[in-house]
Amino acid sequence: MTRLFAGLVLMMTAFAAQAENVTTYELDNGMEVVVIEDNRAPVVVHMLWYKVGSADEPVGASGVAHFLEHLLFKATDVLESGEFSSIVAANGGSDNAFTSYDYTAYFQRVASDRLELMMQMESSRMNNLRITADDVETERQVILEERNQRTENSPNALAREQFRAALFQNHRYGVPVIGWKHEMEQLDLQDALDFYDLYYSPNNAILVVAGDVKPDEVLALAKTYYGVIPAEEQLPVRERPQEPPQRAERRITYVDPRVSQPYLVRSYLAPERDPGAQTEAAALVYLAELLGGSPFTSALGQALQFDTQTAIYTNASYSGSWLDDATFTFAVVPSDGVSLSEAETAMDEVISAFMEGEIDPERMESIRTQLRASEIYALDNVQGLAQRYGAALTQSLTVADVQAWPDVLQAVTAEDIKAVAAKVFNKDQAVTGWVVASEEEAR
């Protein structure tokens with residue numbers, strides 16, 4: 001069955017290479033345009049990505065990027081507040097937006113013959129937003145309630161904030177995307193307008209259109225609606241404060257009576273995907289799967305959940321999609337009667353044994369096949385493709401890097417994995433956190 005699955009995946013590879021038909025342009029005002037043509041269904045995804053996220057915010061105004069994302073659904077010169085989404089829905093489509101550390105993105109999924117309408121509306125709110133003090137007051141309460149629901153009411157979310165702030169002491173990745181509550185409460189109209197006027201400009205934006213379209217037609221529409229918007233001459237160079245050398249292990253015990261099950265987390269600083277240099281990131285994808293993927297096949301799962309029953313849950317995770325340093329994270333939930341100290345010791349023993357032992361070639365091949373299949377199946381998701389390219393381009397990668405990524409994954413060797421693991425697994429560049437309901441559980 002495994003050989004059959006591998007054979008089917010290999011047969012699909014040639015088709016997959018042809019399915020990803022990407023064309024790029026740059027408008028005279030500096031705006032990038034990416035077109036992913038896929039004519040299998042009469043649907044198009046229109047995404048506008050701004051190369052600005054929460055890590056680019058002014059000190060003291062955390063949360064303003066996400067705050068502005070909310071405010072963009074208010075009025076423009078030609079649309080009333082809320083009318084944007086109403087028009088999308090009336091045309092049988094859906095829309096939304098999201099903010100990350102490195103980008104803010106807005107998207108609509110509609111019938112392909114509605115693309116021009118989407119460009120007309122989206123280009124309007126790039127340059128003609130009309131927000132008022134009342135809008136700001138209303139939306140500030142919305143985002144504060146969002147923080148209450150997602151963070152303040154979740155001990156796990158509060159713990160993650162503290163761990164991340166300890167790991168990134170100088171870089172803005174240590175500040176939550178939604179913002180610190182005390183700073184969110186002070187966000188005002190001028191904060192939003194200053195951020196909007198500076199960063200929401202065509203030379204700081206990437207338009208990604210994916211679906212049933214022709215590249216030359218998309219370019220013509222982009223020139224008509226986005227090409228007439230002047231570039232922002234004062235757009236700053238995207239430079240962020242970086243982490244200084246970290247020379248000491250960091251540990252945090254987070255105590256909250258709402259914690260139902262004690263657990264431990266350790267996060268290391270790790271390399272991100274960089275233009276033309278993605279091998280380390282690809283090797284970390286394998287490392288996460290080998291150490292903490294499926295509990296039935298990973299080193300941590302087999303050793304702690306089955307062999308010794310030290311833990312009821314184990315995991316290792318890595319995401320290299322960052323402009324700056326990424327993270328590699330372990331999580332272990334100990335079994336009843338096992339202390340966090342014992343669970344951490346057991347986790348470290350598994351990591352040490354992995355570093356000293358050989359990587360099973362059959363396991364490597366299994367992961368390789370799974371990743372190949374995952375990359376191919378992803379081509380069937382037009383919105384996912386648009387998101388893949390948009391996120392990558394806002395984080396300094398190129399179209400060539402995105403298209404090379406599946407081959408980079410396939411080329412990873414056991415030596416690559418061991419080398420990057422030795423580089424990452426340095427406790428002086430990590431935070432180990434215990435999450436408990438009481439001090440007694442941390443002893």
# chains A, B, ... in the order shown; residues from 1 in each chain; ligands from 1
>>> select_by_dssp(residues="range 183-427 of chain A", states="helix (DSSP H, G or I)", output="MDAnalysis selection string")
chainID A and resid 183:184 189:199 202:204 215:225 279:292 299:307 340:356 361:380 382:394 399:410 414:424 427
>>> residues_around(residues="Leu340 in chain A", least_positions_apart="2", cutoff="12 Å", atoms="only C-alpha atoms", output="number ranges by chain")
A: 253, 261-265, 310-311, 331-338, 342-347, 432-436, 439-443
>>> write_last_selection(atoms="C-alpha atoms", output="PDB file, in the first residue's frame")
ATOM      1  CA  THR A 253       6.353  29.215  35.749  1.00  0.00           C
ATOM      2  CA  GLN A 261      -3.936  20.135  33.382  1.00  0.00           C
ATOM      3  CA  PRO A 262      -0.304  21.101  34.066  1.00  0.00           C
ATOM      4  CA  TYR A 263       2.027  21.004  31.073  1.00  0.00           C
ATOM      5  CA  LEU A 264       5.406  22.186  29.913  1.00  0.00           C
ATOM      6  CA  VAL A 265       6.499  24.030  26.795  1.00  0.00           C
ATOM      7  CA  THR A 310       5.176   9.392  31.170  1.00  0.00           C
ATOM      8  CA  ALA A 311       2.898  11.696  29.154  1.00  0.00           C
ATOM      9  CA  ALA A 331       5.008  20.540  24.415  1.00  0.00           C
ATOM     10  CA  VAL A 332       4.459  17.741  26.926  1.00  0.00           C
ATOM     11  CA  VAL A 333       1.446  17.024  29.115  1.00  0.00           C
ATOM     12  CA  PRO A 334       2.537  14.587  31.863  1.00  0.00           C
ATOM     13  CA  SER A 335       0.456  11.649  32.981  1.00  0.00           C
ATOM     14  CA  ASP A 336      -1.182  11.643  36.410  1.00  0.00           C
ATOM     15  CA  GLY A 337       1.418  11.201  39.121  1.00  0.00           C
ATOM     16  CA  VAL A 338       4.284  12.430  36.915  1.00  0.00           C
ATOM     17  CA  GLU A 342      10.163  14.333  35.674  1.00  0.00           C
ATOM     18  CA  ALA A 343       8.401  14.977  32.359  1.00  0.00           C
ATOM     19  CA  GLU A 344      10.988  17.572  31.358  1.00  0.00           C
ATOM     20  CA  THR A 345      13.859  15.243  32.214  1.00  0.00           C
ATOM     21  CA  ALA A 346      12.248  12.494  30.150  1.00  0.00           C
ATOM     22  CA  MET A 347      11.743  14.887  27.225  1.00  0.00           C
ATOM     23  CA  THR A 432      11.107  26.634  29.113  1.00  0.00           C
ATOM     24  CA  GLY A 433       7.693  27.244  30.607  1.00  0.00           C
ATOM     25  CA  TRP A 434       5.622  25.347  33.121  1.00  0.00           C
ATOM     26  CA  VAL A 435       1.882  26.032  33.209  1.00  0.00           C
ATOM     27  CA  VAL A 436       0.215  25.050  36.481  1.00  0.00           C
ATOM     28  CA  GLU A 439       2.580  26.610  43.098  1.00  0.00           C
ATOM     29  CA  GLU A 440       2.435  23.089  44.538  1.00  0.00           C
ATOM     30  CA  GLU A 441       2.216  21.608  41.060  1.00  0.00           C
ATOM     31  CA  ALA A 442       5.453  23.350  40.104  1.00  0.00           C
ATOM     32  CA  ARG A 443       7.506  21.643  42.804  1.00  0.00           C
TER      33      ARG A 443
END
>>> closest_residue(among="A:Pro271, A:Pro361, A:Gly390, A:Gly92", to="Phe328 in chain A", atoms="only C-alpha atoms")
A:Pro271
>>> closest_residue(among="A:Val44, A:Val228, A:Leu167, A:Val142", to="Asp113 in chain A", atoms="only C-alpha atoms")
A:Val44
>>> residues_around(residues="Ala386 in chain A", least_positions_apart="4", cutoff="7 Å", atoms="only C-alpha atoms", output="list in words")
Val208, Val209, Ala210, Val382 and Gly390 of chain A
>>> closest_residue(among="A:Gly63, A:Pro236, A:Pro257, A:Gly93", to="Asn153 in chain A", atoms="only C-alpha atoms")
A:Pro257
>>> residues_around(residues="Lys51 in chain A", least_positions_apart="4", cutoff="9 Å", atoms="only C-alpha atoms", output="list in words")
Asp102, Tyr103, Thr104, Ala105, Tyr199, Tyr200, Asn204, Ala205, Ile206, Arg238, Leu393, Thr394 and Gln395 of chain A
>>> closest_residue(among="A:Val431, A:Val412, A:Leu71, A:Val213", to="Asp134 in chain A", atoms="only C-alpha atoms")
A:Leu71
>>> residues_around(residues="Tyr225 in chain A", least_positions_apart="6", cutoff="12 Å", atoms="only C-alpha atoms", output="PyMOL selection string")
chain A and resi 27+29+31+115-127+202+207+218-219
>>> write_last_selection(atoms="N, CA, C and O atoms", output="CSV table (one decimal), in the first residue's frame")
chain,number,residue,atom,x,y,z
A,27,LEU,N,3.5,47.4,-11.0
A,27,LEU,CA,3.0,48.6,-11.5
A,27,LEU,C,4.0,49.8,-11.4
A,27,LEU,O,4.9,49.7,-10.6
A,29,ASN,N,3.7,52.5,-9.9
A,29,ASN,CA,3.7,53.0,-8.5
A,29,ASN,C,4.4,52.1,-7.5
A,29,ASN,O,4.4,52.3,-6.3
A,31,MET,N,3.6,48.8,-6.9
A,31,MET,CA,2.7,47.7,-6.4
A,31,MET,C,3.1,46.4,-7.1
A,31,MET,O,3.2,46.4,-8.4
A,115,LEU,N,-14.6,40.1,-10.4
A,115,LEU,CA,-13.2,40.6,-10.0
A,115,LEU,C,-13.1,42.1,-10.1
A,115,LEU,O,-12.5,42.7,-9.2
A,116,GLU,N,-13.6,42.7,-11.2
A,116,GLU,CA,-13.4,44.1,-11.3
A,116,GLU,C,-14.1,44.9,-10.2
A,116,GLU,O,-13.6,45.9,-9.7
A,117,LEU,N,-15.3,44.4,-9.8
A,117,LEU,CA,-15.9,45.1,-8.6
A,117,LEU,C,-15.1,45.0,-7.4
A,117,LEU,O,-15.0,46.0,-6.6
A,118,MET,N,-14.5,43.9,-7.2
A,118,MET,CA,-13.6,43.7,-6.0
A,118,MET,C,-12.4,44.7,-6.0
A,118,MET,O,-12.1,45.3,-5.0
A,119,MET,N,-11.8,44.8,-7.2
A,119,MET,CA,-10.7,45.7,-7.3
A,119,MET,C,-11.1,47.1,-7.1
A,119,MET,O,-10.4,47.9,-6.4
A,120,GLN,N,-12.3,47.5,-7.6
A,120,GLN,CA,-12.8,48.8,-7.5
A,120,GLN,C,-13.0,49.2,-6.0
A,120,GLN,O,-12.6,50.2,-5.5
A,121,MET,N,-13.6,48.3,-5.2
A,121,MET,CA,-13.8,48.5,-3.8
A,121,MET,C,-12.6,48.5,-3.0
A,121,MET,O,-12.3,49.3,-2.1
A,122,GLU,N,-11.7,47.5,-3.2
A,122,GLU,CA,-10.5,47.4,-2.4
A,122,GLU,C,-9.5,48.5,-2.7
A,122,GLU,O,-8.9,49.0,-1.7
A,123,SER,N,-9.4,49.0,-3.9
A,123,SER,CA,-8.6,50.1,-4.2
A,123,SER,C,-9.1,51.4,-3.5
A,123,SER,O,-8.3,52.2,-3.1
A,124,SER,N,-10.4,51.5,-3.4
A,124,SER,CA,-11.0,52.6,-2.7
A,124,SER,C,-10.6,52.7,-1.3
A,124,SER,O,-10.2,53.8,-0.8
A,125,ARG,N,-10.6,51.6,-0.6
A,125,ARG,CA,-10.2,51.7,0.8
A,125,ARG,C,-8.7,51.7,1.1
A,125,ARG,O,-8.3,51.9,2.2
A,126,MET,N,-7.9,51.5,0.0
A,126,MET,CA,-6.5,51.7,0.2
A,126,MET,C,-6.1,53.2,0.3
A,126,MET,O,-5.2,53.5,1.1
A,127,ASN,N,-6.9,54.1,-0.3
A,127,ASN,CA,-6.5,55.5,-0.3
A,127,ASN,C,-7.6,56.4,0.2
A,127,ASN,O,-7.4,57.6,0.3
A,202,PRO,N,0.4,51.7,-2.4
A,202,PRO,CA,0.7,50.7,-3.4
A,202,PRO,C,2.1,50.1,-3.4
A,202,PRO,O,2.3,49.0,-3.7
A,207,LEU,N,-0.7,42.5,-4.6
A,207,LEU,CA,-2.0,42.0,-5.1
A,207,LEU,C,-1.8,40.6,-5.6
A,207,LEU,O,-1.0,40.4,-6.5
A,218,VAL,N,-6.0,40.7,-15.7
A,218,VAL,CA,-5.8,41.1,-14.4
A,218,VAL,C,-4.9,42.3,-14.3
A,218,VAL,O,-5.2,43.3,-13.6
A,219,LEU,N,-3.9,42.3,-15.1
A,219,LEU,CA,-2.9,43.5,-15.2
A,219,LEU,C,-3.7,44.7,-15.6
A,219,LEU,O,-3.5,45.8,-15.0
>>> closest_residue(among="A:Asp194, A:Asp56, A:Glu356, A:Asp407", to="Ile376 in chain A", atoms="only C-alpha atoms")
A:Asp407
>>> residues_around(residues="Phe330 in chain A", least_positions_apart="4", cutoff="7 Å", atoms="only C-alpha atoms", output="ChimeraX atom specification")
/A:265-267,315-317
>>> write_last_selection(atoms="N, CA, C and O atoms", output="short mmCIF file (atom, residue, chain, number, x, y, z; two decimals), in the first residue's frame")
data_model
loop_
_atom_site.label_atom_id
_atom_site.label_comp_id
_atom_site.auth_asym_id
_atom_site.auth_seq_id
_atom_site.Cartn_x
_atom_site.Cartn_y
_atom_site.Cartn_z
N VAL A 265 6.22 23.60 28.16
CA VAL A 265 6.50 24.03 26.79
C VAL A 265 7.95 24.52 26.75
O VAL A 265 8.41 25.16 27.70
N ARG A 266 8.64 24.19 25.69
CA ARG A 266 9.95 24.80 25.48
C ARG A 266 10.02 25.31 24.03
O ARG A 266 9.78 24.55 23.09
N SER A 267 10.36 26.59 23.88
CA SER A 267 10.49 27.19 22.56
C SER A 267 11.92 27.66 22.34
O SER A 267 12.48 28.38 23.19
N ASN A 315 4.27 16.85 21.59
CA ASN A 315 4.22 17.51 20.28
C ASN A 315 5.51 18.28 20.05
O ASN A 315 6.13 18.77 20.99
N ALA A 316 5.90 18.37 18.80
CA ALA A 316 6.97 19.28 18.38
C ALA A 316 6.46 20.01 17.14
O ALA A 316 5.82 19.40 16.27
N SER A 317 6.71 21.29 17.07
CA SER A 317 6.17 22.07 15.96
C SER A 317 7.18 23.10 15.47
O SER A 317 7.99 23.62 16.25
#
>>> atom_distance(atom1="CA of Glu152 in chain A", atom2="CA of Gly179 in chain A")
12.0 Å
